[in-house]
Amino acid sequence: MSVLPVIGAERWYELKKLADGVTLIHEPWIKPFYRCNMWHVQGRDRDLLFDTGLGHFPLRASIAALRERPVICVASHSHFDHIGCHHEFSTRCIHAAEADILANPRNDWTLADRYATDEMFDGVPEGWSAAAYRIKSAPATRILTDGEVIDLGDRVFEVVHTPGHSPGGIALWERKTGTLLSGDIIYDGPLIDDCYHSDLGDYETSLRRLAKLSVETVHGGHFPSFGRARLIEVIDEYLAGRRLPGCHLDT
């Protein structure tokens, strides 16, 4: 049995700069299925941070760009791998349906009791204990509703409520660039619709709604980013295999 390397805070996070002022922040020592994509978007007046990862190591202390300017920190939903460092930011946003979980992130409510195990890692974070893992409370300072906007000064993202994976799931859509920050409602990997608060009907409705947006690029909650053609393929594949055999978006 191989022994995994122990990784300190200085090696834990990795940044990848993409187009349009978007930077991926992730934790490369977590296996892809469990590894949350954190999306940092630079704006003229303030920045956007969409999700905050596992939370074992401080995020702001590790990423200089998150300390230089005001940051609007948004939770795509309240599962443990997406909200671990929300408490580090003064502006914290989430949909009302999961605000109680962000304020009281019990392990059974955030799925940490099910998934936050030693099996997540290709390299173990220094000081890690699955038994002791807890997310710190981060009460929302702003409750998001469908259709409202997050204004960065020169960039505007529209909140799209996407229940299904969880009741308070949201995506953020920048109409001008066709950029979708999708969270866990869709990514290019196995979609999860069997959480304790998932809803299959809502999932299908949310995916159909996303298919109608003029999306050019999808930055998902997990796995690599992709374009519109793959967005439609993933949605079509899901609908074909989930309660709607043979169903396609053009029917």
# chains A, B, ... in the order shown; residues from 1 in each chain; ligands from 1
call {"tool": "residues_around", "arguments": {"residues": "range 206-213 of chain A", "least_positions_apart": "4", "cutoff": "8 Å", "atoms": "only C-alpha atoms", "output": "NGL selection string"}}
result
:A and (161-164 or 185-186 or 202 or 231-232 or 235 or 249)
call {"tool": "residues_around", "arguments": {"residues": "range 120-135 of chain A", "least_positions_apart": "4", "cutoff": "10 Å", "atoms": "only C-alpha atoms", "output": "number ranges by chain"}}
result
A: 3-9, 11-12, 27-35, 54-57, 80-81, 83-87, 102-107, 110, 112-113, 115-116
call {"tool": "write_last_selection", "arguments": {"atoms": "N, CA and C atoms", "output": "CSV table (one decimal), in the first residue's frame"}}
result
chain,number,residue,atom,x,y,z
A,3,VAL,N,2.1,5.1,0.4
A,3,VAL,CA,1.8,6.2,1.3
A,3,VAL,C,1.8,7.5,0.6
A,4,LEU,N,0.7,8.3,0.8
A,4,LEU,CA,0.5,9.5,0.1
A,4,LEU,C,1.4,10.6,0.7
A,5,PRO,N,1.9,11.5,-0.2
A,5,PRO,CA,2.7,12.6,0.3
A,5,PRO,C,1.9,13.5,1.2
A,6,VAL,N,2.5,14.2,2.1
A,6,VAL,CA,1.9,15.2,3.0
A,6,VAL,C,2.2,16.5,2.4
A,7,ILE,N,1.2,17.3,2.2
A,7,ILE,CA,1.3,18.6,1.5
A,7,ILE,C,1.0,19.8,2.4
A,8,GLY,N,1.9,20.7,2.5
A,8,GLY,CA,1.8,21.9,3.3
A,8,GLY,C,1.0,23.0,2.6
A,9,ALA,N,0.6,24.0,3.3
A,9,ALA,CA,-0.2,25.1,2.8
A,9,ALA,C,0.4,25.8,1.6
A,11,ARG,N,2.0,24.6,-0.8
A,11,ARG,CA,1.8,23.9,-2.1
A,11,ARG,C,0.4,23.5,-2.4
A,12,TRP,N,-0.5,23.9,-1.5
A,12,TRP,CA,-1.9,23.3,-1.6
A,12,TRP,C,-2.7,23.8,-2.8
A,27,GLU,N,-7.4,22.9,-5.9
A,27,GLU,CA,-6.6,22.2,-4.9
A,27,GLU,C,-6.2,20.9,-5.6
A,28,PRO,N,-5.0,20.9,-6.3
A,28,PRO,CA,-4.6,19.8,-7.2
A,28,PRO,C,-4.4,18.5,-6.5
A,29,TRP,N,-4.2,18.5,-5.2
A,29,TRP,CA,-4.0,17.3,-4.5
A,29,TRP,C,-5.3,16.5,-4.1
A,30,ILE,N,-6.4,17.1,-4.4
A,30,ILE,CA,-7.7,16.4,-4.2
A,30,ILE,C,-8.1,15.8,-5.6
A,31,LYS,N,-8.6,14.6,-5.5
A,31,LYS,CA,-8.9,13.9,-6.7
A,31,LYS,C,-10.0,14.6,-7.5
A,32,PRO,N,-10.0,14.6,-8.8
A,32,PRO,CA,-10.9,15.4,-9.7
A,32,PRO,C,-12.4,15.3,-9.3
A,33,PHE,N,-12.9,14.2,-8.9
A,33,PHE,CA,-14.3,14.1,-8.6
A,33,PHE,C,-14.7,14.9,-7.4
A,34,TYR,N,-13.8,15.1,-6.5
A,34,TYR,CA,-14.0,15.8,-5.2
A,34,TYR,C,-13.5,17.3,-5.3
A,35,ARG,N,-12.7,17.6,-6.3
A,35,ARG,CA,-11.9,18.8,-6.3
A,35,ARG,C,-12.8,20.0,-6.9
A,54,LEU,N,-12.3,23.3,0.0
A,54,LEU,CA,-12.4,22.5,1.1
A,54,LEU,C,-12.3,23.2,2.5
A,55,GLY,N,-11.4,24.2,2.5
A,55,GLY,CA,-11.2,25.0,3.7
A,55,GLY,C,-10.2,24.5,4.7
A,56,HIS,N,-9.5,23.5,4.4
A,56,HIS,CA,-8.5,23.0,5.4
A,56,HIS,C,-7.4,24.1,5.6
A,57,PHE,N,-6.9,24.6,4.5
A,57,PHE,CA,-5.9,25.7,4.6
A,57,PHE,C,-6.5,27.0,4.2
A,80,PHE,N,-19.8,20.9,1.2
A,80,PHE,CA,-18.6,21.2,2.0
A,80,PHE,C,-17.4,21.6,1.1
A,81,ASP,N,-17.3,21.0,-0.1
A,81,ASP,CA,-16.2,21.2,-1.0
A,81,ASP,C,-16.3,22.6,-1.7
A,83,ILE,N,-17.6,25.6,0.1
A,83,ILE,CA,-17.8,26.7,1.1
A,83,ILE,C,-16.8,26.7,2.2
A,84,GLY,N,-15.7,25.9,2.1
A,84,GLY,CA,-14.8,25.8,3.2
A,84,GLY,C,-14.2,27.1,3.7
A,85,CYS,N,-13.9,28.0,2.8
A,85,CYS,CA,-13.3,29.3,3.2
A,85,CYS,C,-14.2,30.5,3.1
A,86,HIS,N,-15.4,30.3,3.0
A,86,HIS,CA,-16.3,31.5,3.0
A,86,HIS,C,-16.2,32.4,4.2
A,87,HIS,N,-15.9,31.8,5.3
A,87,HIS,CA,-15.8,32.6,6.5
A,87,HIS,C,-14.7,33.7,6.5
A,102,LEU,N,-25.1,27.5,5.3
A,102,LEU,CA,-23.9,28.3,5.3
A,102,LEU,C,-23.7,28.9,6.7
A,103,ALA,N,-24.7,29.2,7.4
A,103,ALA,CA,-24.6,29.7,8.8
A,103,ALA,C,-24.4,28.6,9.8
A,104,ASN,N,-24.8,27.4,9.5
A,104,ASN,CA,-24.7,26.3,10.4
A,104,ASN,C,-24.3,25.1,9.6
A,105,PRO,N,-23.0,25.0,9.1
A,105,PRO,CA,-22.6,24.0,8.2
A,105,PRO,C,-22.3,22.7,8.8
A,106,ARG,N,-23.4,22.0,9.3
A,106,ARG,CA,-23.2,20.7,9.9
A,106,ARG,C,-22.7,19.7,8.9
A,107,ASN,N,-21.9,18.8,9.3
A,107,ASN,CA,-21.3,17.8,8.3
A,107,ASN,C,-22.4,17.0,7.6
A,110,THR,N,-23.8,19.4,4.8
A,110,THR,CA,-22.9,19.8,3.7
A,110,THR,C,-22.4,18.6,3.0
A,112,ALA,N,-20.3,16.5,4.1
A,112,ALA,CA,-18.9,16.2,4.6
A,112,ALA,C,-18.9,14.9,5.3
A,113,ASP,N,-20.0,14.5,6.0
A,113,ASP,CA,-20.0,13.2,6.6
A,113,ASP,C,-19.9,12.0,5.7
A,115,TYR,N,-18.5,12.4,2.2
A,115,TYR,CA,-17.5,12.5,1.2
A,115,TYR,C,-16.1,13.0,1.7
A,116,ALA,N,-16.1,13.7,2.9
A,116,ALA,CA,-14.9,14.3,3.4
A,116,ALA,C,-14.1,13.2,4.1
call {"tool": "closest_residue", "arguments": {"among": "A:Tyr187, A:Gln42, A:Leu15, A:Arg175", "to": "Pro224 in chain A", "atoms": "only C-alpha atoms"}}
result
A:Tyr187
call {"tool": "residues_around", "arguments": {"residues": "His26 in chain A", "least_positions_apart": "2", "cutoff": "7 Å", "atoms": "only C-alpha atoms", "output": "list of chain:residue names"}}
result
A:Tyr13, A:Glu14, A:Leu15, A:Leu24, A:Pro28, A:Cys36, A:Asn37, A:Met38
call {"tool": "select_by_dssp", "arguments": {"residues": "range 29-242 of chain A", "states": "strand (DSSP E or B)", "output": "PyMOL selection string"}}
result
chain A and resi 30+38-41+47-50+71-74+92-95+121+124-125+142-144+149-151+156-161+170-174+179-183+217-220+226-227
call {"tool": "write_last_selection", "arguments": {"atoms": "C-alpha atoms", "output": "short mmCIF file (atom, residue, chain, number, x, y, z; two decimals), in the first residue's frame"}}
result
data_model
loop_
_atom_site.label_atom_id
_atom_site.label_comp_id
_atom_site.auth_asym_id
_atom_site.auth_seq_id
_atom_site.Cartn_x
_atom_site.Cartn_y
_atom_site.Cartn_z
CA ILE A 30 -7.69 16.45 -4.24
CA MET A 38 -13.02 28.14 -7.48
CA TRP A 39 -13.51 30.94 -10.01
CA HIS A 40 -11.91 34.35 -9.48
CA VAL A 41 -13.10 37.10 -11.84
CA ASP A 47 -13.70 41.05 -7.79
CA LEU A 48 -15.89 37.96 -7.75
CA LEU A 49 -14.98 34.67 -6.09
CA PHE A 50 -17.34 31.82 -6.89
CA VAL A 71 -14.12 40.52 -3.09
CA ILE A 72 -17.74 39.41 -3.47
CA CYS A 73 -17.69 35.79 -2.34
CA VAL A 74 -20.56 33.71 -3.75
CA ARG A 92 -20.77 36.36 1.50
CA CYS A 93 -23.64 35.53 -0.83
CA ILE A 94 -25.88 32.50 -1.26
CA HIS A 95 -29.43 31.63 -2.30
CA PHE A 121 -6.70 12.86 -1.73
CA VAL A 124 -2.83 14.55 2.23
CA PRO A 125 -2.98 18.12 3.57
CA ARG A 142 -26.45 39.00 1.04
CA ILE A 143 -29.22 36.66 -0.05
CA LEU A 144 -29.32 36.11 -3.80
CA VAL A 149 -27.08 40.92 -10.73
CA ILE A 150 -23.62 40.99 -9.25
CA ASP A 151 -21.94 44.15 -10.53
CA VAL A 156 -22.19 42.12 -14.65
CA PHE A 157 -23.19 38.57 -13.76
CA GLU A 158 -26.83 37.52 -13.58
CA VAL A 159 -27.94 35.07 -10.91
CA VAL A 160 -29.63 31.99 -12.36
CA HIS A 161 -31.34 29.81 -9.76
CA ILE A 170 -27.14 28.99 -8.51
CA ALA A 171 -25.15 29.71 -11.65
CA LEU A 172 -23.78 33.11 -12.66
CA TRP A 173 -24.13 34.19 -16.29
CA GLU A 174 -22.30 37.04 -17.96
CA THR A 179 -19.63 33.04 -19.72
CA LEU A 180 -21.45 30.69 -17.34
CA LEU A 181 -20.14 29.86 -13.88
CA SER A 182 -22.30 26.82 -13.36
CA GLY A 183 -21.48 25.32 -9.98
CA THR A 217 -18.05 29.03 -22.19
CA VAL A 218 -18.95 26.97 -19.13
CA HIS A 219 -16.74 27.06 -16.05
CA GLY A 220 -18.16 24.25 -13.94
CA PHE A 226 -15.99 23.54 -22.08
CA GLY A 227 -17.98 25.27 -24.79
#
call {"tool": "closest_residue", "arguments": {"among": "A:Leu152, A:Ser166, A:Asp188, A:Leu239", "to": "Ile101 in chain A", "atoms": "only C-alpha atoms"}}
result
A:Ser166
call {"tool": "atom_distance", "arguments": {"atom1": "CA of Trp109 in chain A", "atom2": "CA of His79 in chain A"}}
result
7.6 Å
call {"tool": "select_by_dssp", "arguments": {"residues": "range 6-167 of chain A", "states": "alpha helix (DSSP H)", "output": "list in words"}}
result
Phe80, Asp81, His82, Ile83, Ala99, Asp100, Ile101, Leu102, Ala103, Asn107, Asp108, Trp109, Thr110, Ala112, Asp113, Arg114 and Tyr115 of chain A
call {"tool": "residues_around", "arguments": {"residues": "Asp199 in chain A", "least_positions_apart": "2", "cutoff": "9 Å", "atoms": "only C-alpha atoms", "output": "PyMOL selection string"}}
result
chain A and resi 163-167+193-197+201-204
call {"tool": "atom_distance", "arguments": {"atom1": "CA of Thr52 in chain A", "atom2": "CA of Ala75 in chain A"}}
result
7.7 Å
call {"tool": "atom_distance", "arguments": {"atom1": "CA of Leu59 in chain A", "atom2": "CA of Lys16 in chain A"}}
result
15.2 Å
call {"tool": "closest_residue", "arguments": {"among": "A:Asp154, A:Gly189, A:Leu200, A:Ile63", "to": "Glu233 in chain A", "atoms": "only C-alpha atoms"}}
result
A:Gly189
